[in-house]
Structure formats: C-alpha cells, structure tokens
Amino acid sequence: MPVERFVVPKPLARAVVSVRKRAGQVFTESFFKGIARSFSATPLAWPRLYDVEVIRDVPYLASGLVEQRLDMYRPRHQGNGSRPALMYVHGGGFRFMAKETHWLMGLLFASRGYVVFNVEYRLAPRFRFPAAHQDVAAAYQWMIEHRGEYGSAGPIVLAGESAGANLAWGVTLSACYERPEPWARQVFELGVVPDAFVSACGMLQVSHPERVLEQGLSTFFLDRFEEVYRDYVAGSEAEQQGKADLVDPLIILEQGLAPRRPLPAVVATVGTADPLLDDTRRLQVALERLAVPVAAWYYPGEIHSFQPLIWRLHARRSWAATFRFLEDQVGIRPETTGSRLASMLLDSPM
C-alpha cells in the first residue's frame, strides 16, 4: 500500500522560511556586534595605551547627519607631518556596524604610524544604493583635501573589510576609471589615486546571491547574501536604470579593461572558512591579469572577519602580513608609536 506524502501548505512553508531568515539575520548581527561591544569594554580600547589620540565625529559633509562623520586616529607624536593617511571603511553588509565598532583597526594602524580616517556612512535599508558609495567617496575627497591639517602628507592607503572593502573599491575604481556617476567623476577629477589598498575578506560581488549555492554553501549563507542584495540594491532606482555596477567591483575588474590611471598595489587577507573566500581568490586572479601588484594571504580554518580576533595566531599573522606588504612592497615605512601594547598584540607569539 503506497505511503501518502504530507505536503506542507505554501503559507506555512513561506512562514517557516521567513522565520529561518530572520533568525539567521538576528544571530549574525548580534554575533558581530557582540564581539565589538565586548572588546570596547576592555583596556584594549584605551587609546593612550597605544600612544594614540582620537578626534571623534568630524563631519566630512556639511549635512548635519551623524552618519556622515568620521573618527580620526593618529600618533600622539606627530613627527615631521609626513605620516601616511589611511581611510578605513567598516563592514556589516551595508546594514549594520559603525565606526565605533571598528575602533581596533584605527588604534592598530595609528600605532603603526598612520593617520587613520575611520569613516561612518549611511546604512541600508533606510538608505539604499548608492548612498553608502556616495558617502565614502565624499569622505575620500574630504581626507585628500584636509589630511595635511592633521599631520599627514605621506602616501595614501584605502582599507576595508567585507562590505567596507566593497565601498573602498568603489572609490579606487572611481579614481582610476572615468565613470558616469557624478560622485565617481568628482573622485576621478581629484586626480589622486591611493598608493595601496587593504582588502580584508572583501564582499566584492553583491548582485548574484545565488553564487553561494554554486560554491556548495548552505542556505544559511544564501539568506545572508540575499539580505545584503535585497536591502541595499534590489529594486533601487540605480539598478532599474542599469547603473548599479559599482556594487560589483569584482566584475568590473574581471572585465580586464585597462584603467586610465594605474590601480594601487593590493594586499588581501581571508580565512578559508569564510563564505566570501572565492571573492578574494577571484580578486587575486583579476588583479594579476591587469598586472597589478597583489599579495593574497589565505588563513586555514578562519571565519569571516577574523582579523579583529587578535588573540588568534592567524589574525596576528594577517596584520603582520599587511604591514609587511605596505612597508616593504609599497615603500610605506611610517614611524611607529612605540606602544608596548600594540607590539604585544601584533608581534608576540602565542
């Protein structure tokens, strides 16, 4: 006698999927925010222990919006004023996190001698593409015009992790290629290309969430990629007009078109357990085909955004590899602050 199959009613199935997606979103955001909050309550967050000073909430646009401000981290001893400038763009899937959650990046780069501009930007879903890209482009222009006032007349580095790497790539491509977007043209007309780019676990293609299934990943990761696409890009006016390609910097680079100005040297770090691993692999290949100096480092078993977990050996090694690339390959050799805490976090063995 045949066994009768139970078919889940479609409304119930949709409800189950909706609950699954929402639970995954809450878990992911809570996990990363929780790590940031836990660290910020410890002495690790005290700037004076890094011999660094912090200037907070500097507006880079006269809009009055709190989202269009940045925090500046710089060594207390300014030296001769020729320190390199580094603009850092935080991740969070274009939807959460903030400059305050990424204080560690500011402190560690500043302890290494950089003047760091840690950028805030408008978040989705309230602000959709190209809001975040416009803000980061405006912050870059502000940094170029004002960095000398804060002791930086040296080389320029752009850096970001996850969605932050995507946004920083938007600025870099705008500086090197002539593009139609007004904010991109403004960056190009500045005539200033970064000397180096730091890409940490970059989310470099947003418009095709289903690619995670093609890589054999689970529906948990598909849900996360779909959230990013849905909240920031899908159905936006720019997408409807076919003008949202900057949200996929990897695709632009893979096209192999020669830039008007040379792209900067790139260092990329990622863990092999990161669902975005393939983005860094493809980035390395695309840059090599364009004859761009690139060093990619892959850390066995590490998860997405592992770089701030500095109690882990691989995290410290990724920082060391980044600084070594910037100092040796690009020629950026800033004077460090001499902070014992920074040296212990970055250089001491476990």
# chains A, B, ... in the order shown; residues from 1 in each chain; ligands from 1
>>> select_by_dssp(residues="region 145-264 of chain A", states="helix (DSSP H, G or I)", output="ChimeraX atom specification")
/A:145-150,163-176,182-190,211-214,219-232,237-240,245-247,249-254
>>> select_by_dssp(residues="region 106-337 of chain A", states="strand (DSSP E)", output="list of chain:residue names")
A:Val115, A:Val116, A:Phe117, A:Asn118, A:Val119, A:Ile156, A:Val157, A:Leu158, A:Ala159, A:Gly160, A:Glu161, A:Ala196, A:Phe197, A:Val198, A:Ser199, A:Ala200, A:Ala265, A:Val266, A:Val267, A:Ala268, A:Thr269, A:Val270, A:Gly271, A:Val294, A:Ala295, A:Ala296, A:Trp297, A:Tyr298, A:Tyr299
>>> residues_around(residues="Ile156 (chain A)", least_positions_apart="4", cutoff="10 Å", atoms="only C-alpha atoms", output="JSON, numbers by chain")
{"A": [83, 84, 85, 86, 87, 114, 115, 143, 144, 147, 152, 192, 193, 194, 195, 196, 197, 264, 332]}
>>> residues_around(residues="Asn166 (chain A)", least_positions_apart="4", cutoff="7 Å", atoms="only C-alpha atoms", output="ChimeraX atom specification")
/A:162,170,202-204,249
>>> residues_around(residues="Leu49 (chain A)", least_positions_apart="6", cutoff="12 Å", atoms="only C-alpha atoms", output="PDB file with C-alpha atoms, in the first residue's frame")
ATOM      1  CA  THR A  42      38.241  46.354  27.996  1.00  0.00           C
ATOM      2  CA  PRO A  43      41.524  48.259  28.322  1.00  0.00           C
ATOM      3  CA  PRO A  75      50.007  59.006  16.894  1.00  0.00           C
ATOM      4  CA  ARG A  76      50.347  61.472  19.741  1.00  0.00           C
ATOM      5  CA  LEU A 107      44.198  52.047  17.028  1.00  0.00           C
ATOM      6  CA  LEU A 108      46.387  49.385  15.441  1.00  0.00           C
ATOM      7  CA  ALA A 110      47.662  54.513  14.136  1.00  0.00           C
ATOM      8  CA  SER A 111      50.074  52.710  16.467  1.00  0.00           C
ATOM      9  CA  THR A 337      54.338  54.963  18.206  1.00  0.00           C
ATOM     10  CA  GLY A 338      56.424  52.505  20.201  1.00  0.00           C
ATOM     11  CA  SER A 339      53.329  51.271  22.014  1.00  0.00           C
ATOM     12  CA  ARG A 340      54.144  48.199  24.075  1.00  0.00           C
ATOM     13  CA  LEU A 341      50.524  47.030  23.898  1.00  0.00           C
ATOM     14  CA  ALA A 342      50.423  47.240  20.102  1.00  0.00           C
ATOM     15  CA  SER A 343      53.727  45.378  19.858  1.00  0.00           C
ATOM     16  CA  MET A 344      52.456  42.687  22.183  1.00  0.00           C
ATOM     17  CA  LEU A 345      49.208  42.243  20.250  1.00  0.00           C
TER      18      LEU A 345
END
>>> atom_distance(atom1="CA of Val285 (chain A)", atom2="CA of Ala137 (chain A)")
25.9 Å
>>> closest_residue(among="A:Ala234, A:Ala244, A:Ala132, A:Leu167", to="Pro180 (chain A)", atoms="only C-alpha atoms")
A:Ala244
>>> residues_around(residues="Ser174 (chain A)", least_positions_apart="5", cutoff="8 Å", atoms="only C-alpha atoms", output="list in words")
Arg179, Ala184, Arg185, Val187 and Phe188 of chain A
>>> atom_distance(atom1="CA of Gly154 (chain A)", atom2="CA of Pro334 (chain A)")
8.9 Å
>>> closest_residue(among="A:Arg260, A:His208, A:His133, A:Arg95", to="Ala175 (chain A)", atoms="only C-alpha atoms")
A:Arg260
>>> atom_distance(atom1="CA of Ala265 (chain A)", atom2="CA of Leu158 (chain A)")
10.5 Å
